[in-house]
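File shown: protein_37.pdb (PDB, C-alpha atoms).
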```pdb
ATOM      1  CA  MET A 178      75.062 153.465 -31.016
ATOM      2  CA  GLN A 179      75.709 155.188 -34.351
ATOM      3  CA  LEU A 180      78.521 157.696 -34.619
ATOM      4  CA  HIS A 181      76.051 160.404 -35.661
ATOM      5  CA  ALA A 182      73.947 159.845 -32.508
ATOM      6  CA  ILE A 183      77.069 159.982 -30.333
ATOM      7  CA  ALA A 184      78.137 163.227 -32.024
ATOM      8  CA  GLU A 185      74.642 164.628 -31.490
ATOM      9  CA  ILE A 186      74.776 163.931 -27.756
ATOM     10  CA  PHE A 187      78.295 165.330 -27.587
ATOM     11  CA  ALA A 188      77.119 168.540 -29.302
ATOM     12  CA  LEU A 189      74.386 168.962 -26.683
ATOM     13  CA  LEU A 190      76.824 168.400 -23.809
ATOM     14  CA  VAL A 191      79.346 170.829 -25.281
ATOM     15  CA  GLY A 192      76.582 173.402 -25.624
ATOM     16  CA  LEU A 193      75.653 173.003 -21.961
ATOM     17  CA  CYS A 194      79.299 173.529 -20.951
ATOM     18  CA  VAL A 195      79.608 176.563 -23.225
ATOM     19  CA  GLY A 196      76.445 177.939 -21.630
ATOM     20  CA  SER A 197      78.068 177.525 -18.211
ATOM     21  CA  PHE A 198      81.068 179.521 -19.435
ATOM     22  CA  LEU A 199      78.754 182.170 -20.886
ATOM     23  CA  ASN A 200      77.314 182.653 -17.402
ATOM     24  CA  VAL A 201      80.807 183.607 -16.228
ATOM     25  CA  CYS A 202      81.249 185.973 -19.174
ATOM     26  CA  ILE A 203      77.867 187.614 -18.571
ATOM     27  CA  ALA A 204      78.722 188.209 -14.919
ATOM     28  CA  ARG A 205      82.310 189.425 -15.369
ATOM     29  CA  MET A 206      82.715 191.074 -18.771
ATOM     30  CA  PRO A 207      80.642 194.197 -17.980
ATOM     31  CA  GLU A 208      82.932 194.803 -15.001
ATOM     32  CA  ASP A 209      86.104 194.244 -17.045
ATOM     33  CA  ARG A 210      87.049 191.228 -14.943
ATOM     34  CA  SER A 211      88.901 188.176 -16.205
ATOM     35  CA  VAL A 212      86.691 185.278 -17.237
ATOM     36  CA  VAL A 213      89.333 182.703 -16.277
ATOM     37  CA  SER A 214      90.742 183.973 -13.005
ATOM     38  CA  PRO A 215      89.804 183.628 -10.213
ATOM     39  CA  PRO A 216      87.929 180.323 -10.599
ATOM     40  CA  SER A 217      84.154 180.269 -10.230
ATOM     41  CA  HIS A 218      82.998 181.232  -6.761
ATOM     42  CA  CYS A 219      79.870 182.331  -4.934
ATOM     43  CA  PRO A 220      79.457 186.114  -5.344
ATOM     44  CA  ALA A 221      77.870 186.328  -1.884
ATOM     45  CA  CYS A 222      80.306 184.450   0.382
ATOM     46  CA  GLY A 223      83.274 184.054  -1.963
ATOM     47  CA  ALA A 224      83.507 180.291  -1.466
ATOM     48  CA  GLY A 225      84.973 178.446  -4.438
ATOM     49  CA  ILE A 226      82.555 176.310  -6.411
ATOM     50  CA  ARG A 227      83.494 172.655  -6.228
ATOM     51  CA  PRO A 228      83.801 170.760  -9.530
ATOM     52  CA  TRP A 229      80.807 168.560  -8.674
ATOM     53  CA  ASP A 230      78.783 171.699  -7.927
ATOM     54  CA  ASN A 231      79.616 173.167 -11.324
ATOM     55  CA  ILE A 232      77.927 170.599 -13.574
ATOM     56  CA  PRO A 233      75.595 172.383 -16.019
ATOM     57  CA  LEU A 234      71.892 172.089 -15.122
ATOM     58  CA  LEU A 235      72.340 169.157 -12.720
ATOM     59  CA  SER A 236      74.212 171.043  -9.993
ATOM     60  CA  TRP A 237      71.602 173.809  -9.868
ATOM     61  CA  VAL A 238      68.826 171.233  -9.499
ATOM     62  CA  ILE A 239      70.690 169.163  -6.885
ATOM     63  CA  LEU A 240      71.558 172.274  -4.858
ATOM     64  CA  ARG A 241      67.963 173.520  -5.274
ATOM     65  CA  GLY A 242      69.244 176.799  -6.606
ATOM     66  CA  ARG A 243      71.297 177.713  -3.538
ATOM     67  CA  CYS A 244      74.984 178.006  -2.620
ATOM     68  CA  ARG A 245      76.196 174.940  -0.718
ATOM     69  CA  ASP A 246      78.188 177.100   1.731
ATOM     70  CA  CYS A 247      76.036 180.130   2.541
ATOM     71  CA  GLY A 248      72.622 179.180   1.180
ATOM     72  CA  THR A 249      72.292 182.276  -0.987
ATOM     73  CA  SER A 250      69.909 181.706  -3.877
ATOM     74  CA  ILE A 251      71.400 181.203  -7.339
ATOM     75  CA  SER A 252      69.542 182.930 -10.163
ATOM     76  CA  VAL A 253      67.433 180.690 -12.377
ATOM     77  CA  LEU A 254      69.033 182.469 -15.327
ATOM     78  CA  TYR A 255      72.121 180.296 -14.893
ATOM     79  CA  PRO A 256      70.448 176.999 -15.859
ATOM     80  CA  ILE A 257      68.250 178.783 -18.419
ATOM     81  CA  ILE A 258      71.311 180.083 -20.287
ATOM     82  CA  GLU A 259      72.988 176.681 -20.074
ATOM     83  CA  LEU A 260      69.890 174.937 -21.426
ATOM     84  CA  MET A 261      69.361 177.559 -24.131
ATOM     85  CA  THR A 262      72.933 177.200 -25.371
ATOM     86  CA  GLY A 263      72.823 173.416 -25.236
ATOM     87  CA  LEU A 264      69.584 173.278 -27.220
ATOM     88  CA  MET A 265      70.912 175.734 -29.801
ATOM     89  CA  PHE A 266      74.020 173.606 -30.319
ATOM     90  CA  TRP A 267      71.749 170.562 -30.720
ATOM     91  CA  VAL A 268      69.445 172.311 -33.220
ATOM     92  CA  LEU A 269      72.401 173.659 -35.206
ATOM     93  CA  PHE A 270      73.908 170.172 -35.292
ATOM     94  CA  HIS A 271      70.809 168.920 -37.093
ATOM     95  CA  ARG A 272      70.898 171.968 -39.371
ATOM     96  CA  PHE A 273      74.516 171.521 -40.458
ATOM     97  CA  ILE A 274      75.062 167.796 -39.919
ATOM     98  CA  PRO A 275      71.703 166.140 -40.659
ATOM     99  CA  GLY A 276      73.037 162.599 -41.136
ATOM    100  CA  PRO A 277      76.083 160.340 -40.806
ATOM    101  CA  GLU A 278      77.241 161.195 -44.327
ATOM    102  CA  ALA A 279      77.536 164.843 -43.284
ATOM    103  CA  LEU A 280      80.159 164.104 -40.615
ATOM    104  CA  THR A 281      82.989 165.609 -42.645
ATOM    105  CA  GLN A 282      85.783 167.989 -41.706
ATOM    106  CA  GLY A 283      84.293 170.852 -43.688
ATOM    107  CA  ASN A 284      80.829 170.452 -42.201
ATOM    108  CA  LEU A 285      82.209 170.144 -38.669
ATOM    109  CA  LEU A 286      84.261 173.311 -39.153
ATOM    110  CA  ALA A 287      81.223 175.210 -40.439
ATOM    111  CA  TYR A 288      79.147 173.895 -37.545
ATOM    112  CA  GLY A 289      81.778 174.911 -35.002
ATOM    113  CA  LEU A 290      82.027 178.418 -36.427
ATOM    114  CA  ILE A 291      78.277 178.987 -36.403
ATOM    115  CA  CYS A 292      78.066 177.628 -32.857
ATOM    116  CA  THR A 293      80.775 180.126 -31.908
ATOM    117  CA  MET A 294      78.757 182.966 -33.408
ATOM    118  CA  VAL A 295      75.518 181.851 -31.756
ATOM    119  CA  ALA A 296      77.206 181.460 -28.361
ATOM    120  CA  MET A 297      78.512 185.023 -28.584
ATOM    121  CA  LEU A 298      75.059 186.248 -29.619
ATOM    122  CA  ILE A 299      73.511 184.579 -26.571
ATOM    123  CA  GLY A 300      76.148 186.065 -24.272
ATOM    124  CA  GLN A 301      75.858 189.592 -25.614
ATOM    125  CA  THR A 302      72.056 189.409 -25.506
ATOM    126  CA  PHE A 303      71.956 189.005 -21.740
ATOM    127  CA  ILE A 304      74.736 191.544 -21.210
ATOM    128  CA  ASP A 305      73.009 194.103 -23.429
ATOM    129  CA  ILE A 306      69.649 193.591 -21.715
ATOM    130  CA  ARG A 307      71.188 194.076 -18.276
ATOM    131  CA  HIS A 308      73.887 196.684 -18.903
ATOM    132  CA  PHE A 309      73.129 198.234 -22.330
ATOM    133  CA  ILE A 310      76.612 197.374 -23.586
ATOM    134  CA  ILE A 311      77.993 194.860 -26.072
ATOM    135  CA  PRO A 312      81.532 193.664 -25.256
ATOM    136  CA  ASN A 313      84.056 193.940 -28.076
ATOM    137  CA  GLU A 314      85.026 190.324 -27.388
ATOM    138  CA  PHE A 315      81.559 189.304 -28.585
ATOM    139  CA  SER A 316      81.498 191.650 -31.563
ATOM    140  CA  ILE A 317      84.284 193.333 -33.499
ATOM    141  CA  TYR A 318      87.118 191.278 -31.981
ATOM    142  CA  ALA A 319      85.401 188.129 -33.267
ATOM    143  CA  ALA A 320      85.027 189.387 -36.851
ATOM    144  CA  PRO A 321      88.510 188.124 -37.886
ATOM    145  CA  ILE A 322      87.560 184.671 -36.556
ATOM    146  CA  GLY A 323      84.618 184.630 -38.937
ATOM    147  CA  ILE A 324      86.667 185.809 -41.914
ATOM    148  CA  LEU A 325      89.477 183.302 -41.357
ATOM    149  CA  GLY A 326      87.018 180.557 -40.518
ATOM    150  CA  MET A 327      85.029 181.067 -43.706
ATOM    151  CA  TRP A 328      88.264 180.887 -45.676
ATOM    152  CA  GLY A 329      88.818 177.476 -44.100
ATOM    153  CA  VAL A 330      85.255 176.329 -44.782
ATOM    154  CA  SER A 331      85.424 177.391 -48.444
ATOM    155  CA  SER A 332      88.679 175.456 -48.874
ATOM    156  CA  PHE A 333      86.651 172.298 -48.119
ATOM    157  CA  GLY A 334      84.073 173.275 -50.728
ATOM    158  CA  VAL A 335      81.292 173.607 -48.146
ATOM    159  CA  ASP A 336      78.421 176.002 -48.872
ATOM    160  CA  TYR A 337      75.222 175.887 -46.838
ATOM    161  CA  GLY A 338      73.682 179.017 -48.312
ATOM    162  CA  VAL A 339      73.464 180.650 -44.869
ATOM    163  CA  ILE A 340      77.142 181.304 -44.204
ATOM    164  CA  ALA A 341      79.699 183.417 -46.032
ATOM    165  CA  SER A 342      80.859 181.792 -49.267
ATOM    166  CA  GLY A 343      84.512 182.572 -48.565
ATOM    167  CA  TRP A 344      86.806 185.045 -46.874
ATOM    168  CA  ARG A 345      86.027 187.808 -49.383
ATOM    169  CA  ASP A 346      82.290 187.474 -48.840
ATOM    170  CA  ALA A 347      82.927 187.405 -45.084
ATOM    171  CA  ALA A 348      85.105 190.527 -45.198
ATOM    172  CA  VAL A 349      82.633 192.443 -47.379
ATOM    173  CA  GLY A 350      79.777 191.222 -45.179
ATOM    174  CA  SER A 351      81.527 192.594 -42.125
ATOM    175  CA  VAL A 352      82.044 195.984 -43.749
ATOM    176  CA  LEU A 353      78.520 196.040 -45.182
ATOM    177  CA  GLY A 354      76.992 195.069 -41.864
ATOM    178  CA  GLY A 355      78.778 197.693 -39.823
ATOM    179  CA  GLY A 356      78.616 200.320 -42.559
ATOM    180  CA  SER A 357      74.879 199.988 -43.180
ATOM    181  CA  LEU A 358      74.042 200.329 -39.499
ATOM    182  CA  ALA A 359      76.467 203.241 -39.140
ATOM    183  CA  LEU A 360      74.694 205.005 -42.022
ATOM    184  CA  ILE A 361      71.337 204.448 -40.336
ATOM    185  CA  MET A 362      72.759 205.858 -37.098
ATOM    186  CA  GLY A 363      74.118 208.887 -38.964
ATOM    187  CA  ALA A 364      70.824 209.563 -40.715
ATOM    188  CA  TYR A 365      68.939 209.284 -37.424
ATOM    189  CA  TRP A 366      71.325 211.726 -35.759
ATOM    190  CA  LEU A 367      70.962 214.231 -38.610
ATOM    191  CA  PHE A 368      67.181 214.006 -38.383
ATOM    192  CA  ARG A 369      66.729 213.909 -34.586
ATOM    193  CA  ARG A 370      70.065 215.282 -33.339
ATOM    194  CA  GLU A 371      70.365 212.402 -30.915
ATOM    195  CA  GLU A 372      71.770 208.883 -30.910
ATOM    196  CA  GLY A 373      69.307 206.128 -31.768
ATOM    197  CA  MET A 374      71.666 203.261 -30.942
ATOM    198  CA  GLY A 375      75.244 202.707 -29.858
ATOM    199  CA  MET A 376      78.420 201.733 -31.655
ATOM    200  CA  GLY A 377      78.172 198.348 -29.990
ATOM    201  CA  ASP A 378      75.335 197.480 -32.366
ATOM    202  CA  VAL A 379      77.486 198.496 -35.344
ATOM    203  CA  LYS A 380      80.333 196.269 -34.152
ATOM    204  CA  LEU A 381      77.922 193.403 -33.511
ATOM    205  CA  LEU A 382      76.571 193.515 -37.066
ATOM    206  CA  MET A 383      80.156 193.580 -38.307
ATOM    207  CA  MET A 384      80.721 190.292 -36.497
ATOM    208  CA  ILE A 385      77.493 188.820 -37.852
ATOM    209  CA  GLY A 386      78.416 189.839 -41.405
ATOM    210  CA  ALA A 387      81.817 188.168 -41.032
ATOM    211  CA  PHE A 388      80.099 184.836 -40.391
ATOM    212  CA  LEU A 389      77.029 185.116 -42.633
ATOM    213  CA  GLY A 390      78.352 187.158 -45.569
ATOM    214  CA  THR A 391      76.728 189.939 -47.556
ATOM    215  CA  VAL A 392      73.389 189.318 -49.251
ATOM    216  CA  PRO A 393      70.795 188.255 -48.439
ATOM    217  CA  ALA A 394      72.081 187.855 -44.863
ATOM    218  CA  ILE A 395      72.645 191.506 -43.906
ATOM    219  CA  PRO A 396      69.351 192.856 -45.343
ATOM    220  CA  PHE A 397      67.487 189.931 -43.756
ATOM    221  CA  VAL A 398      69.018 190.538 -40.323
ATOM    222  CA  LEU A 399      68.364 194.293 -40.510
ATOM    223  CA  ILE A 400      64.739 193.885 -41.578
ATOM    224  CA  VAL A 401      63.895 191.128 -39.087
ATOM    225  CA  SER A 402      65.640 192.848 -36.164
ATOM    226  CA  SER A 403      63.905 196.161 -36.947
ATOM    227  CA  LEU A 404      60.488 194.502 -37.155
ATOM    228  CA  ALA A 405      61.074 192.545 -33.947
ATOM    229  CA  GLY A 406      62.283 195.684 -32.195
ATOM    230  CA  ALA A 407      59.198 197.577 -33.331
ATOM    231  CA  LEU A 408      56.859 194.812 -32.138
ATOM    232  CA  VAL A 409      58.415 194.997 -28.678
ATOM    233  CA  GLY A 410      59.138 198.720 -28.527
ATOM    234  CA  LEU A 411      55.834 200.164 -29.745
ATOM    235  CA  PRO A 412      53.697 198.632 -26.968
ATOM    236  CA  MET A 413      56.278 199.792 -24.421
ATOM    237  CA  ALA A 414      56.068 203.322 -25.806
ATOM    238  CA  LEU A 415      52.253 203.310 -26.013
ATOM    239  CA  PHE A 416      51.479 201.786 -22.630
ATOM    240  CA  GLY A 417      54.541 202.809 -20.640
ATOM    241  CA  ASN A 418      54.971 205.919 -18.529
ATOM    242  CA  LYS A 419      53.903 208.929 -20.524
ATOM    243  CA  GLY A 420      56.586 211.462 -21.288
ATOM    244  CA  LEU A 421      59.430 209.038 -20.627
ATOM    245  CA  ARG A 422      61.658 207.857 -23.443
ATOM    246  CA  VAL A 423      61.814 204.084 -23.760
ATOM    247  CA  ALA A 424      65.368 202.741 -23.641
ATOM    248  CA  MET A 425      65.663 199.374 -25.322
ATOM    249  CA  PRO A 426      68.816 197.487 -26.345
ATOM    250  CA  PHE A 427      68.975 196.563 -30.032
ATOM    251  CA  GLY A 428      71.614 193.835 -29.753
ATOM    252  CA  PRO A 429      69.141 191.090 -28.762
ATOM    253  CA  PHE A 430      67.067 191.801 -31.880
ATOM    254  CA  LEU A 431      70.133 191.625 -34.122
ATOM    255  CA  ALA A 432      70.927 188.280 -32.478
ATOM    256  CA  PHE A 433      67.382 187.068 -33.122
ATOM    257  CA  GLY A 434      67.588 188.087 -36.783
ATOM    258  CA  ALA A 435      70.947 186.367 -37.267
ATOM    259  CA  ILE A 436      69.880 183.103 -35.604
ATOM    260  CA  LEU A 437      66.594 183.053 -37.529
ATOM    261  CA  TYR A 438      68.526 183.512 -40.768
ATOM    262  CA  VAL A 439      70.849 180.616 -39.967
ATOM    263  CA  LEU A 440      67.950 178.311 -39.130
ATOM    264  CA  HIS A 441      65.294 179.332 -41.659
ATOM    265  CA  GLY A 442      66.536 182.299 -43.696
ATOM    266  CA  PRO A 443      66.500 180.761 -47.196
ATOM    267  CA  GLU A 444      63.084 179.167 -46.631
ATOM    268  CA  ILE A 445      61.580 182.457 -45.402
ATOM    269  CA  ILE A 446      63.035 184.401 -48.313
ATOM    270  CA  ALA A 447      61.918 181.844 -50.903
ATOM    271  CA  ARG A 448      58.379 181.796 -49.496
ATOM    272  CA  PHE A 449      57.692 185.431 -48.695
ATOM    273  CA  PHE A 450      60.114 187.227 -51.027
ATOM    274  CA  PRO A 451      60.348 185.031 -54.138
ATOM    275  CA  GLY A 452      61.350 188.005 -56.262
ATOM    276  CA  VAL A 453      64.739 188.203 -54.557
ATOM    277  CA  SER A 454      65.318 184.481 -54.082
ATOM    278  CA  PHE A 455      68.032 184.655 -56.755
ATOM    279  CA  LEU A 456      70.217 186.257 -54.094
ATOM    280  CA  LEU A 457      70.342 182.999 -52.189
ATOM    281  CA  GLN A 458      73.694 181.302 -52.372
ATOM    282  CA  SER A 459      73.674 177.847 -53.844
ATOM    283  CA  SER A 460      73.590 175.112 -51.231
TER     284      SER A 460
END
```

Would you write out, as structure tokens, the structure that this file holds?
Amino acid sequence: MQLHAIAEIFALLVGLCVGSFLNVCIARMPEDRSVVSPPSHCPACGAGIRPWDNIPLLSWVILRGRCRDCGTSISVLYPIIELMTGLMFWVLFHRFIPGPEALTQGNLLAYGLICTMVAMLIGQTFIDIRHFIIPNEFSIYAAPIGILGMWGVSSFGVDYGVIASGWRDAAVGSVLGGGSLALIMGAYWLFRREEGMGMGDVKLLMMIGAFLGTVPAIPFVLIVSSLAGALVGLPMALFGNKGLRVAMPFGPFLAFGAILYVLHGPEIIARFFPGVSFLLQSS
């Protein structure tokens, strides 16, 4: 079997394992509990999960979605998140390492950094949907990782056109991302005298900017996330309970915009906005 095929399978397996860890983060972070201690256990009976019952996807299927000790049902979200993360790692592998010749240190570093960002976006999406919060660990605390990581990637001379071109671009992207959303929040408050979104969204876009850079990444993410939010939010407002304000987390839409940019951003910009295609970084 070719080395590239082995690496591809390994990327998928790593993604499944990362998805399993994200399940722990999603369950514990909103309650300010450690994600490493105590070890994984059934939330109903407290029984520790055996290593062979903690295999991503397979264990849930073998156990038929129930705890081995007490029989309590295990949410289907667990394998869904594992599969989603695994597939994203696999898709990103093909995006950043399309062939055997691309198996270089610089490309692997860039791939690992983007997988880190995407994993955090997946984790915060489910936390934000359930609890309307975005943990700092998945947002502003991760911004320095992006800045330092992009310094390392640029030292290898790697430039995919969808990641920051160096630590300066990453740092400015972080400031631009958080600053632009903070300005939008401020303008909304001045106009409506109420908060339109939380600071968690500002911190999240700071993290995204640290990995993706300034332009066209930040404008793309803002436009796509706003359009996606409107497509979901307007029907909820029109057909929901009259007189009730619709509360909708914005973090998942920022995540969608960032992932779409990584996968297809340059192609979308070149096709639908050719007048600004000069902003695309050289690949």

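Distances from A:Ile306, A:Ala407, A:Ile299, A:Met383 to Leu264 (chain A) were compared using only C-alpha atoms, and the smallest one belongs to A:Ile299.
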
Practice item. Rank A:Gly223, A:Val295, A:Asp346, A:Lys380 by their smallest atom-to-atom distance to Ala359 (chain A), using only C-alpha atoms, and report the top residue only. Key: A:Lys380

Point to revise | Within 12 Å of Gly276 (chain A) using only C-alpha atoms, minus same-chain residues under 5 positions, as a list in words | key: Gln179, Leu180, His181, Ala182, Ile183, Ala184, Glu185, Phe270, His271, Thr281 and Asn284 of chain A

Exercise for review: Write out as a list in words the residues lying within 9 Å of Leu285 (chain A), counting all atoms listed in the file and excluding same-chain residues fewer than 4 positions away.
Suggested key: Phe270, Phe273, Ile274, Ala279, Leu280, Thr281, Gly289 and Leu290 of chain A

**Study point:** Minimum-distance residue to Met413 (chain A), chosen among A:Met425, A:Leu193, A:Leu260, A:Val330 (using only C-alpha atoms)
**Key:**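 Using only C-alpha atoms, Met413 (chain A) sits closest to A:Met425.
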
Practice item. Rank nothing, just name the residue among A:Phe430, A:Tyr288, A:Phe315, A:Phe333 nearest to Gly300 (chain A), using only C-alpha atoms. Key: A:Phe315

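Counting only C-alpha atoms and comparing A:Phe450, A:Trp237, A:Val392, A:Leu190, the residue that lies closest to Val253 (chain A) is A:Trp237.
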
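For the residues A:Ile257, A:Ala188, A:Val212, A:Leu389, ranking by smallest atom-to-atom distance to Glu314 (chain A) using only C-alpha atoms places A:Val212 first.
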
Practice item. Could you list the residues chosen by the PyMOL selection byres ((chain A and resi 443) around 8) in this structure as a list in words? Key: Gly338, Val339, Tyr438, His441, Gly442, Glu444, Ile445, Ile446, Ala447, Ser454 and Leu457 of chain A

Practice item. Identify all residues satisfying the PyMOL selection byres ((chain A and resi 388) around 10) in the given file; provide them as a ChimeraX atom specification. Key: /A:287,290-291,293-294,319-327,339-344,346-348,350-351,382-387,389-391,394,435

Check your understanding: Contacts of Pro426 (chain A) at 7 Å or less, counting only C-alpha atoms, minus same-chain residues fewer than 2 places along, as a PyMOL selection string?
Key -> chain A and resi 305-306+309+424+428-429

Revision key, fill the gap. Here CA of Val191 (chain A) and CA of Met261 (chain A) stand apart by 12.1 Å

Point to revise | the PyMOL selection byres ((chain A and resi 202) around 12) applied to the shown file, residues as a PyMOL selection string | key: chain A and resi 195-201+203-214+217+255+258+296-297+299-304+311-312+314-315

Could those residues be written to a file, using C-alpha atoms, as a compact mmCIF listing (two decimals), keeping the file's coordinate frame?
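The result, stored in again-v1.txt:
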```txt
# COMPACT_ATOMS: atom_id res chain seq x y z
CA VAL A 195 79.61 176.56 -23.22
CA GLY A 196 76.44 177.94 -21.63
CA SER A 197 78.07 177.52 -18.21
CA PHE A 198 81.07 179.52 -19.43
CA LEU A 199 78.75 182.17 -20.89
CA ASN A 200 77.31 182.65 -17.40
CA VAL A 201 80.81 183.61 -16.23
CA ILE A 203 77.87 187.61 -18.57
CA ALA A 204 78.72 188.21 -14.92
CA ARG A 205 82.31 189.42 -15.37
CA MET A 206 82.72 191.07 -18.77
CA PRO A 207 80.64 194.20 -17.98
CA GLU A 208 82.93 194.80 -15.00
CA ASP A 209 86.10 194.24 -17.05
CA ARG A 210 87.05 191.23 -14.94
CA SER A 211 88.90 188.18 -16.20
CA VAL A 212 86.69 185.28 -17.24
CA VAL A 213 89.33 182.70 -16.28
CA SER A 214 90.74 183.97 -13.00
CA SER A 217 84.15 180.27 -10.23
CA TYR A 255 72.12 180.30 -14.89
CA ILE A 258 71.31 180.08 -20.29
CA ALA A 296 77.21 181.46 -28.36
CA MET A 297 78.51 185.02 -28.58
CA ILE A 299 73.51 184.58 -26.57
CA GLY A 300 76.15 186.06 -24.27
CA GLN A 301 75.86 189.59 -25.61
CA THR A 302 72.06 189.41 -25.51
CA PHE A 303 71.96 189.00 -21.74
CA ILE A 304 74.74 191.54 -21.21
CA ILE A 311 77.99 194.86 -26.07
CA PRO A 312 81.53 193.66 -25.26
CA GLU A 314 85.03 190.32 -27.39
CA PHE A 315 81.56 189.30 -28.58
```

Exercise for review: One decimal, Å: what's the distance from CA of Ala224 (chain A) over to CA of Ser252 (chain A), could you say?
Suggested key: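 We find that CA of Ala224 (chain A) and CA of Ser252 (chain A) lie 16.7 Å from each other.
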
Review point. By how many Å are CA of Phe433 (chain A) and CA of Val398 (chain A) apart?
Key: 8.2 Å

Where's the centre, and what are the edge lengths in Å to one decimal, of a box along x, y and z enclosing all listed atoms of region 233-250 of chain A padded 5 Å per side, as AutoDock Vina command-line options?
```
--center_x 73.1 --center_y 175.7 --center_z -6.7 --size_x 20.2 --size_y 23.1 --size_z 28.6
```
